[in-house]
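J.: Sharing a structure here in structure tokens format.
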Amino acid sequence: MAATLRIMTYNVHRCTGLDRKTSTERIAEVIATYRPDVAALQEIDCGQVRPAATDQAAEIAHYLALALQTPLNIERERCGNVILSHHPLRLVKAGGLRRPRRWRTPPRRGVLWVDVEVRGITFQFFNTHLGLTPRERLYQARVLTGPEWLQNPACPPPVVLCGDFNAQPGSAVHRLIGGLLRDAELCCPHPPKKTWPSIYPFMGLDHLFISADLVVTGAEAPSTSLSRLASDHLPLVVDLLLP
């Protein structure tokens with residue numbers, strides 16, 4: 001039987017909602033509602049950028065473990081990207097999206113690369129958050145699609161890349177990444193899902209890209225009273241069949 005996989009990518013806005021209240025429990029409730037096998041979170045405070053802050057990733061993992069009654073594996077990097085998984089995962093690499101000695105990445109912009117094992121199948125999983133300006137994003141996307149990351153010899157398919165790209169379908173960044181991987185939303189019969197702003201989403205800034213050997217069986221950007229309040233982004237949930 002083919003292995004199924006549900007993935008969520010979610011910019012949690014440092015767990016601060018539209019009511020300006022910070023709540024890791026509220027974010028955990030949104031995640032638990034959709035029971036993803038792997039959750040890629042962006043813009044989360046792990047107490048590494050601001051040492052005085054709480055470790056939001058650990059708090060969310062604790063809430064999810066209680067709600068779903070199952071342990072979670074966790075990996076994180078200093079730029080605010082976190083991956084939570086019910087399946088075994090191994091850190092491959094984490095770092096900033098910059099060209100050495102040529103261009104520096106502003107704070108809180110990086111990528112986290114792990115491999116995840118599901119029913120004996122190991123796939124490469126990337127979680128990233130690109131910058132706010134077009135030029136910045138394009139530089140970062142070129143680094144991401146280069147030999148250091150997606151075209152690294154240590155990155156065989158299946159491959160999943162997800163995160164907050166701050167770029168819409170049809171943009172230069174989206175086309176560049178689409179030259180290597182497929183946008184999972186475009187593999188569905190329905191139009192791409194809008195995720196920002198959460199209260200009235202009209203822009204699709206969050207994406208999930210996949211290698212050709214993966215099959216998409218569904219995609220949604222859940223819009224509920226809770227998800228619209230918990231962050232300024234809606235989560236994007238995609239169901240896949242592994243080869």
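Each chain of the structure tokens is named A, B, ... in the order shown, its residues numbered from 1; ligands are numbered from 1 in display order.
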Mind dumping a table of every range 56-134 of chain A residue within 8 Å of range 156-180 of chain A, with the nearest atom pair and its distance in Å to one decimal, using only C-alpha atoms, sorted by chain and rising number, as JSON lines?
T.:
{"residue": "A:Thr122", "atom": "CA", "partner": "A:Pro158", "partner_atom": "CA", "distance": 7.6}
{"residue": "A:Phe123", "atom": "CA", "partner": "A:Pro158", "partner_atom": "CA", "distance": 4.9}
{"residue": "A:Gln124", "atom": "CA", "partner": "A:Val159", "partner_atom": "CA", "distance": 4.7}
{"residue": "A:Phe125", "atom": "CA", "partner": "A:Val160", "partner_atom": "CA", "distance": 4.9}
{"residue": "A:Phe126", "atom": "CA", "partner": "A:Leu161", "partner_atom": "CA", "distance": 4.6}
{"residue": "A:Asn127", "atom": "CA", "partner": "A:Cys162", "partner_atom": "CA", "distance": 5.2}
{"residue": "A:Thr128", "atom": "CA", "partner": "A:Gly163", "partner_atom": "CA", "distance": 4.9}
{"residue": "A:His129", "atom": "CA", "partner": "A:Asp164", "partner_atom": "CA", "distance": 4.8}
{"residue": "A:Leu130", "atom": "CA", "partner": "A:Phe165", "partner_atom": "CA", "distance": 4.9}
{"residue": "A:Gly131", "atom": "CA", "partner": "A:Asn166", "partner_atom": "CA", "distance": 6.8}
{"residue": "A:Leu132", "atom": "CA", "partner": "A:Asn166", "partner_atom": "CA", "distance": 6.5}
J.: So that I can see what lies close to Arg26 in chain A, please list as a PyMOL selection string the residues with an atom at most 12 Å from it, counting only C-alpha atoms and leaving out residues fewer than 2 positions away in the same chain.
T.: chain A and resi 12+14-17+21-24+28-33+56+59-60+63-64+225-231
J.: Point out the residue among A:Glu75, A:Asp115, A:Glu148, A:Asp232 with the least atom-to-atom distance to Ile199 in chain A, counting only C-alpha atoms.
T.: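 Looking only at the distances to Ile199 in chain A, the closest residue turns out to be A:Asp232.
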J.: Write out as a list in words the residues lying within 8 Å of Leu112 in chain A, counting only C-alpha atoms and excluding same-chain residues fewer than 5 positions away.
T.: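 So, after excluding close chain neighbours, the residues are Arg76, Glu77, Asn81, Val82, Lys93, Ala94, Gly95, Phe126, Asn127 and Thr128 of chain A.
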J.: Given the selection you just returned, output its residues as a file containing C-alpha atoms, formatted as a compact mmCIF listing (two decimals), in the first residue's frame.
T.:
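Saved result, selection-v4.txt, follows:
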# COMPACT_ATOMS: atom_id res chain seq x y z
CA ARG A 76 15.13 23.97 14.39
CA GLU A 77 17.55 26.61 13.17
CA ASN A 81 12.33 27.81 10.99
CA VAL A 82 11.19 24.66 12.79
CA LYS A 93 21.90 21.08 7.08
CA ALA A 94 20.73 24.45 8.37
CA GLY A 95 21.91 27.92 7.49
CA PHE A 126 13.20 21.76 3.27
CA ASN A 127 11.60 24.55 5.28
CA THR A 128 12.41 28.16 4.41
J.: Give me the residues near Met8 in chain A as JSON, numbers by chain, where near means some atom within 7 Å (using only C-alpha atoms) and where sequence neighbours in that chain fewer than 3 positions away do not count.
T.: {"A": [36, 38, 39, 40, 235, 236, 237, 238]}
